[in-house]
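Novice: What follows is protein.cif; its format and atoms are mmCIF, C-alpha atoms and all ligand atoms.
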data_data
loop_
_atom_site.label_atom_id
_atom_site.label_comp_id
_atom_site.auth_asym_id
_atom_site.auth_seq_id
_atom_site.Cartn_x
_atom_site.Cartn_y
_atom_site.Cartn_z
CA MET A 1 53.66 260.50 48.42
CA ALA A 2 56.98 258.92 49.36
CA VAL A 3 59.98 260.99 50.32
CA ASP A 4 62.76 261.14 47.70
CA VAL A 5 66.30 260.97 48.98
CA VAL A 6 69.15 262.50 46.98
CA PRO A 7 72.61 261.78 48.40
CA VAL A 8 75.37 264.36 48.11
CA ALA A 9 78.53 262.22 48.23
CA LEU A 10 81.41 264.31 49.55
CA GLY A 11 83.37 261.85 51.66
CA ALA A 12 83.32 262.86 55.31
CA ARG A 13 81.05 265.81 54.42
CA SER A 14 78.36 263.66 52.72
CA TYR A 15 74.70 264.27 53.47
CA GLU A 16 71.22 263.63 52.16
CA VAL A 17 68.63 265.94 50.66
CA ARG A 18 65.20 264.57 51.55
CA ILE A 19 62.34 265.87 49.42
CA GLY A 20 58.64 265.34 50.02
CA PRO A 21 55.47 266.54 51.70
CA GLY A 22 55.15 266.81 55.49
CA LEU A 23 58.87 266.89 56.28
CA ILE A 24 58.49 269.85 58.65
CA ASP A 25 56.05 267.83 60.76
CA ARG A 26 58.58 265.01 60.82
CA ALA A 27 61.64 267.20 61.38
CA GLY A 28 62.16 265.95 64.95
CA ALA A 29 62.45 262.33 63.83
CA GLU A 30 64.61 263.33 60.84
CA ILE A 31 67.04 265.44 62.88
CA ALA A 32 67.17 263.46 66.16
CA PRO A 33 69.68 260.85 64.87
CA LEU A 34 72.18 263.68 64.21
CA LEU A 35 72.02 265.06 67.75
CA LYS A 36 74.52 264.31 70.50
CA ARG A 37 72.19 265.97 73.00
CA ARG A 38 68.52 266.80 72.58
CA ARG A 39 68.64 270.49 71.76
CA ALA A 40 68.58 272.61 68.62
CA ALA A 41 68.81 276.32 67.76
CA VAL A 42 66.49 277.37 64.94
CA VAL A 43 67.03 280.62 63.01
CA THR A 44 64.26 281.83 60.71
CA ASP A 45 62.80 285.12 59.48
CA ALA A 46 59.75 287.25 60.15
CA THR A 47 57.90 285.94 57.06
CA VAL A 48 58.41 282.23 57.71
CA ALA A 49 57.95 282.37 61.50
CA PRO A 50 54.19 283.12 61.61
CA LEU A 51 53.49 280.64 58.78
CA HIS A 52 55.50 277.57 59.76
CA LEU A 53 57.64 277.96 62.91
CA ALA A 54 55.11 276.61 65.43
CA ARG A 55 54.87 273.38 63.41
CA LEU A 56 58.62 272.95 63.32
CA VAL A 57 59.00 273.62 67.05
CA ALA A 58 56.19 271.15 67.85
CA ALA A 59 57.83 268.51 65.64
CA LEU A 60 61.19 268.93 67.38
CA GLU A 61 59.67 269.01 70.88
CA ALA A 62 57.67 265.87 70.12
CA GLU A 63 61.04 264.08 69.96
CA GLY A 64 62.13 265.60 73.27
CA ILE A 65 64.38 268.18 71.57
CA ALA A 66 64.63 271.50 73.45
CA VAL A 67 64.32 274.34 70.93
CA ALA A 68 65.51 277.96 70.98
CA THR A 69 64.33 280.19 68.13
CA LEU A 70 65.42 283.49 66.58
CA ALA A 71 63.46 285.28 63.85
CA LEU A 72 65.51 287.81 61.86
CA PRO A 73 63.89 290.50 59.67
CA ALA A 74 62.83 289.22 56.24
CA GLY A 75 64.55 290.39 53.06
CA GLU A 76 67.87 290.61 51.28
CA SER A 77 69.09 293.47 53.53
CA THR A 78 69.21 290.98 56.42
CA LYS A 79 72.10 289.23 54.66
CA GLY A 80 74.78 291.61 55.97
CA TRP A 81 77.18 292.11 58.86
CA GLU A 82 74.57 293.49 61.28
CA GLN A 83 72.15 290.55 61.31
CA PHE A 84 75.01 288.11 60.87
CA GLY A 85 76.63 289.46 64.06
CA ARG A 86 73.31 289.32 65.85
CA CYS A 87 72.81 285.69 64.77
CA VAL A 88 76.31 284.57 65.83
CA GLU A 89 76.01 286.27 69.21
CA TRP A 90 72.58 284.80 69.79
CA LEU A 91 73.91 281.32 69.01
CA LEU A 92 76.71 281.89 71.55
CA GLU A 93 74.20 283.13 74.12
CA GLN A 94 72.24 279.91 73.55
CA LYS A 95 75.48 278.09 74.40
CA VAL A 96 75.47 276.22 71.10
CA GLU A 97 78.49 273.93 71.18
CA ARG A 98 80.39 272.09 68.47
CA ARG A 99 78.40 268.92 69.05
CA ASP A 100 75.08 270.79 68.54
CA ILE A 101 73.02 271.47 65.44
CA VAL A 102 71.87 274.83 64.11
CA VAL A 103 68.77 274.81 61.89
CA ALA A 104 68.41 277.33 59.03
CA PHE A 105 64.66 277.60 58.40
CA GLY A 106 63.78 279.92 55.51
CA GLY A 107 64.71 280.96 52.00
CA GLY A 108 68.09 281.70 50.47
CA VAL A 109 68.89 284.68 52.71
CA ILE A 110 68.43 282.67 55.91
CA GLY A 111 70.18 279.58 54.50
CA ASP A 112 73.24 281.57 53.38
CA LEU A 113 73.51 283.68 56.54
CA VAL A 114 72.86 280.92 59.06
CA GLY A 115 75.10 278.50 57.17
CA PHE A 116 77.92 281.06 57.37
CA ALA A 117 77.21 281.63 61.07
CA ALA A 118 77.47 277.85 61.59
CA ALA A 119 80.72 277.81 59.58
CA VAL A 120 82.45 280.29 61.88
CA LEU A 121 80.80 279.56 65.23
CA ARG A 122 83.39 277.83 67.41
CA ARG A 123 85.31 277.23 64.13
CA GLY A 124 82.42 275.28 62.67
CA VAL A 125 79.26 273.62 63.96
CA ARG A 126 76.95 271.37 62.00
CA PHE A 127 73.75 272.75 60.52
CA VAL A 128 70.56 271.53 58.88
CA GLN A 129 68.86 273.37 56.04
CA ILE A 130 65.05 273.43 55.93
CA PRO A 131 64.48 275.58 52.82
CA THR A 132 61.05 277.16 52.48
CA THR A 133 61.23 278.65 48.98
CA LEU A 134 61.50 276.91 45.62
CA LEU A 135 64.74 278.78 44.91
CA ALA A 136 66.30 277.60 48.18
CA GLN A 137 65.07 274.02 47.72
CA VAL A 138 66.55 273.61 44.24
CA ASP A 139 69.67 275.72 44.59
CA SER A 140 70.94 277.60 47.63
CA SER A 141 70.32 274.97 50.35
CA VAL A 142 72.40 272.35 48.51
CA GLY A 143 76.13 272.55 47.92
CA GLY A 144 77.50 274.36 50.96
CA LYS A 145 77.91 277.90 49.63
CA THR A 146 77.28 280.19 52.60
CA GLY A 147 77.88 283.90 53.05
CA ILE A 148 76.68 287.45 53.33
CA ASN A 149 76.68 290.64 51.26
CA THR A 150 78.84 293.71 51.95
CA ALA A 151 78.84 297.26 50.59
CA GLN A 152 81.20 295.99 47.85
CA GLY A 153 78.81 293.36 46.49
CA LYS A 154 76.80 290.19 46.98
CA ASN A 155 78.19 287.03 48.58
CA LEU A 156 81.70 288.47 48.80
CA VAL A 157 82.24 287.16 52.34
CA GLY A 158 81.51 283.54 53.08
CA ALA A 159 82.68 279.97 53.36
CA PHE A 160 82.05 276.57 51.87
CA HIS A 161 80.30 274.74 54.70
CA GLN A 162 78.16 271.75 53.78
CA PRO A 163 74.96 271.12 55.74
CA SER A 164 74.52 267.80 57.56
CA LEU A 165 71.02 267.32 56.16
CA VAL A 166 68.56 269.18 53.92
CA LEU A 167 64.81 268.75 54.39
CA ALA A 168 62.86 270.13 51.41
CA ASP A 169 59.19 270.03 52.40
CA ILE A 170 57.36 270.60 49.14
CA GLY A 171 54.14 271.36 51.07
CA VAL A 172 55.51 274.76 52.17
CA LEU A 173 55.74 275.85 48.54
CA GLU A 174 51.94 276.13 48.57
CA SER A 175 52.19 279.22 50.80
CA LEU A 176 54.66 280.95 48.45
CA PRO A 177 53.36 284.00 46.56
CA ALA A 178 53.03 283.16 42.84
CA ARG A 179 55.77 285.63 41.93
CA ASP A 180 58.27 283.97 44.30
CA PHE A 181 57.34 280.52 43.04
CA LEU A 182 57.96 281.59 39.44
CA ALA A 183 61.23 283.28 40.38
CA GLY A 184 62.39 279.98 41.90
CA TYR A 185 61.29 278.25 38.73
CA GLY A 186 63.93 280.32 36.90
CA GLU A 187 66.53 278.16 38.67
CA VAL A 188 64.62 274.93 37.85
CA VAL A 189 64.60 275.76 34.14
CA LYS A 190 68.30 276.55 34.40
CA TYR A 191 69.06 272.90 35.24
CA GLY A 192 67.33 271.65 32.09
CA LEU A 193 69.04 274.27 29.98
CA LEU A 194 72.50 273.65 31.34
CA GLY A 195 72.63 269.89 31.32
CA ASP A 196 69.45 267.88 30.78
CA ALA A 197 67.48 268.40 27.55
CA ALA A 198 65.00 265.65 28.53
CA PHE A 199 64.22 267.54 31.76
CA PHE A 200 63.65 270.72 29.74
CA ASP A 201 61.24 268.73 27.49
CA TRP A 202 59.45 267.55 30.63
CA LEU A 203 59.25 271.11 31.97
CA GLU A 204 57.79 272.34 28.67
CA GLY A 205 54.99 269.82 29.09
CA ASN A 206 54.52 269.98 32.86
CA GLY A 207 55.86 273.34 34.09
CA PRO A 208 52.52 275.18 33.94
CA ALA A 209 50.93 272.49 36.18
CA LEU A 210 53.66 272.54 38.84
CA ALA A 211 52.20 275.13 41.20
CA GLY A 212 49.03 273.09 41.65
CA ASP A 213 50.38 269.53 41.38
CA ALA A 214 52.43 268.24 44.30
CA ALA A 215 53.74 265.12 42.53
CA LYS A 216 55.04 267.15 39.58
CA ARG A 217 56.51 269.72 41.96
CA GLN A 218 58.34 266.98 43.81
CA HIS A 219 59.69 265.57 40.56
CA ALA A 220 60.97 269.01 39.49
CA VAL A 221 62.65 269.64 42.85
CA ARG A 222 64.17 266.15 42.90
CA ARG A 223 65.59 266.33 39.38
CA SER A 224 67.01 269.80 40.05
CA VAL A 225 68.64 268.63 43.29
CA GLU A 226 70.02 265.49 41.60
CA MET A 227 71.68 267.65 38.99
CA LYS A 228 73.07 270.09 41.54
CA ALA A 229 74.30 267.22 43.75
CA GLY A 230 76.14 265.62 40.82
CA ILE A 231 77.85 268.88 39.89
CA VAL A 232 78.81 269.65 43.51
CA GLU A 233 80.19 266.11 43.96
CA ARG A 234 82.43 266.56 40.94
CA ASP A 235 83.49 270.14 41.73
CA GLU A 236 82.71 271.17 45.30
CA THR A 237 84.70 274.42 45.35
CA GLU A 238 83.97 275.65 41.80
CA GLU A 239 87.27 275.00 40.11
CA GLY A 240 85.47 274.09 36.88
CA GLU A 241 82.10 272.44 36.20
CA ARG A 242 80.25 274.09 39.10
CA ALA A 243 80.48 277.38 37.19
CA LEU A 244 77.78 275.96 34.86
CA LEU A 245 75.31 276.63 37.68
CA ASN A 246 75.87 280.29 36.85
CA LEU A 247 74.09 280.01 33.49
CA GLY A 248 72.22 283.30 33.05
CA HIS A 249 73.90 284.80 36.12
CA THR A 250 76.38 287.21 34.49
CA PHE A 251 73.48 289.04 32.81
CA CYS A 252 71.39 288.61 35.96
CA HIS A 253 73.96 290.17 38.28
CA ALA A 254 74.28 293.24 36.06
CA LEU A 255 70.50 293.62 35.92
CA GLU A 256 70.17 293.15 39.69
CA LYS A 257 72.79 295.84 40.30
CA ALA A 258 71.10 298.16 37.79
CA THR A 259 67.76 297.74 39.58
CA GLY A 260 69.31 298.15 43.03
CA TYR A 261 68.50 294.59 44.19
CA SER A 262 64.93 295.81 44.55
CA ASP A 263 61.46 294.48 44.03
CA ARG A 264 61.78 295.51 40.37
CA LEU A 265 63.65 292.29 39.67
CA LEU A 266 63.85 289.18 41.88
CA HIS A 267 66.98 287.05 41.57
CA GLY A 268 65.23 284.12 39.87
CA GLU A 269 63.53 286.51 37.43
CA GLY A 270 66.96 287.86 36.50
CA VAL A 271 68.23 284.30 36.04
CA ALA A 272 65.38 283.54 33.60
CA ILE A 273 66.03 286.71 31.58
CA GLY A 274 69.77 285.95 31.75
CA CYS A 275 69.24 282.41 30.42
CA ALA A 276 67.24 283.77 27.48
CA LEU A 277 70.04 286.28 26.76
CA ALA A 278 72.75 283.61 27.10
CA PHE A 279 70.99 281.44 24.50
CA GLU A 280 70.54 284.44 22.20
CA LEU A 281 74.25 285.22 22.53
CA SER A 282 75.15 281.58 21.88
CA GLN A 283 73.07 281.57 18.72
CA ARG A 284 74.65 284.83 17.47
CA LEU A 285 78.07 283.31 18.04
CA GLY A 286 77.01 280.38 15.85
CA LEU A 287 77.23 277.95 18.76
CA CYS A 288 73.66 276.70 18.89
CA ALA A 289 70.80 276.18 16.46
CA GLN A 290 68.60 279.08 15.36
CA GLU A 291 65.55 277.62 17.13
CA ALA A 292 67.11 277.19 20.59
CA PRO A 293 66.70 280.77 21.96
CA GLY A 294 63.11 280.89 20.67
CA ARG A 295 62.29 277.67 22.48
CA VAL A 296 63.73 278.97 25.75
CA ARG A 297 61.79 282.19 25.47
CA ALA A 298 58.54 280.44 24.48
CA HIS A 299 58.68 278.25 27.57
CA LEU A 300 59.39 281.16 29.93
CA ARG A 301 56.51 283.07 28.34
CA ALA A 302 54.19 280.07 28.69
CA MET A 303 55.02 280.06 32.40
CA GLY A 304 54.08 283.74 32.67
CA MET A 305 57.63 284.72 33.56
CA LYS A 306 59.71 287.76 32.80
CA VAL A 307 61.67 287.05 29.60
CA ASP A 308 62.88 290.35 28.13
CA LEU A 309 64.47 293.54 29.39
CA ALA A 310 61.11 295.10 28.46
CA ASP A 311 59.54 293.12 31.32
CA ILE A 312 61.63 294.99 33.91
CA PRO A 313 59.76 298.10 35.10
CA GLY A 314 61.48 301.50 35.31
CA GLU A 315 64.66 302.86 33.76
CA LEU A 316 67.71 300.76 32.90
CA PRO A 317 71.19 302.06 32.08
CA GLY A 318 72.57 301.71 28.54
CA ALA A 319 74.24 298.59 27.14
CA GLU A 320 77.79 299.72 27.90
CA ALA A 321 76.91 300.57 31.49
CA LEU A 322 75.33 297.13 31.87
CA VAL A 323 78.47 295.46 30.50
CA ALA A 324 80.53 297.55 32.96
CA LEU A 325 78.35 296.25 35.79
CA MET A 326 79.17 292.70 34.64
CA GLY A 327 82.85 293.61 34.87
CA GLN A 328 82.50 294.01 38.63
CA ASP A 329 81.19 290.51 39.03
CA LYS A 330 83.30 288.38 41.37
CA LYS A 331 83.69 285.70 38.69
CA VAL A 332 85.91 287.95 36.60
CA VAL A 333 89.22 286.17 35.97
CA ASP A 334 92.21 288.28 34.85
CA GLY A 335 89.94 291.11 33.65
CA LYS A 336 88.06 288.88 31.16
CA LEU A 337 84.35 288.33 31.42
CA ARG A 338 83.21 284.80 31.79
CA PHE A 339 79.94 283.65 30.26
CA ILE A 340 78.17 280.34 30.42
CA LEU A 341 77.04 279.68 26.85
CA ALA A 342 75.33 276.71 25.20
CA ARG A 343 75.77 274.47 22.16
CA GLY A 344 72.10 273.56 22.50
CA ILE A 345 69.47 272.96 25.15
CA GLY A 346 71.14 270.90 27.88
CA GLU A 347 74.66 271.60 26.60
CA ALA A 348 76.14 274.52 28.51
CA PHE A 349 79.83 275.25 28.77
CA VAL A 350 82.14 277.91 30.18
CA ALA A 351 83.31 280.49 27.61
CA ASP A 352 86.09 282.92 28.48
CA GLU A 353 86.65 284.56 25.10
CA VAL A 354 83.35 286.26 24.23
CA PRO A 355 83.90 289.46 22.19
CA PRO A 356 82.58 292.28 24.40
CA GLY A 357 81.14 294.05 21.33
CA MET A 358 78.73 291.14 20.74
CA VAL A 359 77.39 291.47 24.27
CA THR A 360 76.96 295.24 23.95
CA ALA A 361 75.17 294.85 20.60
CA LEU A 362 72.83 292.21 22.01
CA LEU A 363 71.95 294.39 25.00
CA ASP A 364 71.54 297.47 22.78
CA GLU A 365 68.90 295.64 20.75
CA ALA A 366 67.20 294.25 23.84
CA LEU A 367 67.08 297.75 25.35
CA ALA A 368 65.76 299.24 22.08
CA ALA A 369 62.86 296.78 22.23
CA ARG A 370 61.81 298.46 25.52
CA ARG A 371 61.18 301.78 23.82
N1 LIG B 1 74.24 278.75 43.27
C1 LIG B 1 75.37 278.33 42.57
C2 LIG B 1 76.20 277.31 43.26
O1 LIG B 1 75.78 276.79 44.27
O2 LIG B 1 77.28 277.03 42.84
#
Go ahead and render the structure in this file as structure tokens.

Specialist:
Amino acid sequence: MAVDVVPVALGARSYEVRIGPGLIDRAGAEIAPLLKRRRAAVVTDATVAPLHLARLVAALEAEGIAVATLALPAGESTKGWEQFGRCVEWLLEQKVERRDIVVAFGGGVIGDLVGFAAAVLRRGVRFVQIPTTLLAQVDSSVGGKTGINTAQGKNLVGAFHQPSLVLADIGVLESLPARDFLAGYGEVVKYGLLGDAAFFDWLEGNGPALAGDAAKRQHAVRRSVEMKAGIVERDETEEGERALLNLGHTFCHALEKATGYSDRLLHGEGVAIGCALAFELSQRLGLCAQEAPGRVRAHLRAMGMKVDLADIPGELPGAEALVALMGQDKKVVDGKLRFILARGIGEAFVADEVPPGMVTALLDEALAARR
């Protein structure tokens, strides 16, 4: 299968996202042209290291690139000051200079943390993203959002720092646990729902075959990245259109907070539930056709995904408490909640004037269905 190349055109910060099988084994040849001297610092985590790191190191060394590696603990709790400090200091100990390249090799946590470390190290060094999860391949590795979490919330400290190259090896997705693959698929579906009805049609027909079909997987990753690249090109720093990428995320963030960012709800699962709720809210506001929310839910169900609040195990707070959790979201502007709503499948838009009572009523009903 040929490698797909999606350009992200951002002037002096332009780069390519290359998508295909076997890219880890070719990483040395892919990265070598970027290097001023033949060395690279690779940061990964304890889950990815035993599965894929030896292959990446061998591929870099085969091109005469000297490699230093650091494996951080796996999991969302890594994405904080402690491991960030450790990463930055390690990079300094490795004498990484401004002309060097740092490689972020892992899922969204590693990509965000290492990208932020690269953004601040010596006031900015270049970095390459090699995302190893579906979620990171279709979303977090592209677009230059980097950062860490603090006690006050997620991603509240960070920087826009675009990578110099993204290598999305679709072969690594085969080693992903089914639950993680499906969580990443929540972000794939989001692209169809927010701006490409034909892609959503395609996903309805082909989504269930993705996990076992490399060509279809590559198509889904490529189309998602094309859509993200287009949005980022038009609105790099989220002054407007980029907010559409947050479809489903206002609900998701409240649900993630309510479940303590735990195994009860993965981010991509929350996005899928949030998309279903956003379409339901759009329909109740008379914005989209009666059938649209049902179609969204039917597809998520057909994929075996979480769709309803009833699919989240354990207790949840009441509707008003959930709405209050949304109020702490960093996208709040002047005290008003911002939702991404839709006029139909593939037609999302930013809505700032949603009556809070509608949201509470919707969540009340969704919570009642759990009992
Ligand atoms: N993940 C949303 C964005 O990159 O804007």

Novice: Which residues, protein or nucleic acid, reach to within 6 Å of (76.7, 288.3, 17.6) in the file's coordinates when using all atoms listed in the file, and can you give that as a list in words?

Specialist: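 Checking each residue against the 6 Å limit leaves Arg284, Leu285 and Met358 of chain A.
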
Novice: Considering all atoms listed in the file, tabulate each residue of chain A that lies at most 6 Å from ligand LIG 1 (chain B) along with its nearest interatomic pair and the corresponding distance in Å to one decimal; arrange the rows by chain and ascending residue number and present them as a Markdown table.

Specialist:
| residue | atom | partner | partner_atom | distance |
| --- | --- | --- | --- | --- |
| A:Asp139 | CA | B:LIG1 | N1 | 5.6 |
| A:Ser140 | CA | B:LIG1 | N1 | 5.6 |
| A:Gly143 | CA | B:LIG1 | O1 | 5.6 |
| A:Lys145 | CA | B:LIG1 | O1 | 5.9 |
| A:Arg242 | CA | B:LIG1 | O2 | 5.6 |
| A:Leu245 | CA | B:LIG1 | C1 | 5.2 |

Novice: Have a look at A:Pro313, A:Ser282, A:Leu287, A:Pro208 and name the one nearest to Thr259 (chain A); count all atoms listed in the file.

Specialist: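 For Thr259 (chain A), the nearest of the candidates is A:Pro313.
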
Novice: What is the CA of Gly115 (chain A)-CA of Gly144 (chain A) distance in Å, reported with one decimal?

Specialist: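 One can read the CA of Gly115 (chain A) to CA of Gly144 (chain A) distance as 7.8 Å.
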
Novice: Would you mind telling me which residue in A:Ile340, A:Leu72, A:Val221, A:Leu309 lies nearest to Ile110 (chain A) when using only C-alpha atoms?

Specialist: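 Result for the nearest residue to Ile110 (chain A): A:Leu72.
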
Novice: Just the residues within 10 Å of Leu53 (chain A), please, counting all atoms listed in the file, with nothing from its chain fewer than 4 positions along; format it as a PyMOL selection string.

Specialist: chain A and resi 24+42-49+57-59+69+71+105-106

Novice: Could you pull the residues within 12 Å of Ala321 (chain A), counting all atoms listed in the file, minus those fewer than 3 positions along the same chain, as a ChimeraX atom specification?

Specialist: /A:254-255,257-258,316-318,324-328,359-360,363-364,367

Novice: Mind pulling up the distance from CA of Ala119 (chain A) to CA of Val96 (chain A)?

Specialist: 12.8 Å

Novice: Suppose you want the space between CA of Ala136 (chain A) and CA of Ala298 (chain A); what is it in Å?

Specialist: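 Computed distance, CA of Ala136 (chain A) to CA of Ala298 (chain A), equals 25.1 Å.
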
Novice: Can you tell me which residues surround Ala118 (chain A) at a distance of at most 9 Å, considering only C-alpha atoms, apart from same-chain residues fewer than 5 positions away, and format the answer as a ChimeraX atom specification?

Specialist: /A:88,91,101-102,113,123-127,161

Novice: Could you write out as lines of an AutoDock Vina configuration file the box around region 90-109 of chain A (axis-aligned, all atoms listed in the file, 6 Å on each side), with centre and edge lengths in Å to one decimal?

Specialist:
center_x = 72.1
center_y = 276.9
center_z = 62.4
size_x = 28.6
size_y = 27.9
size_z = 35.9
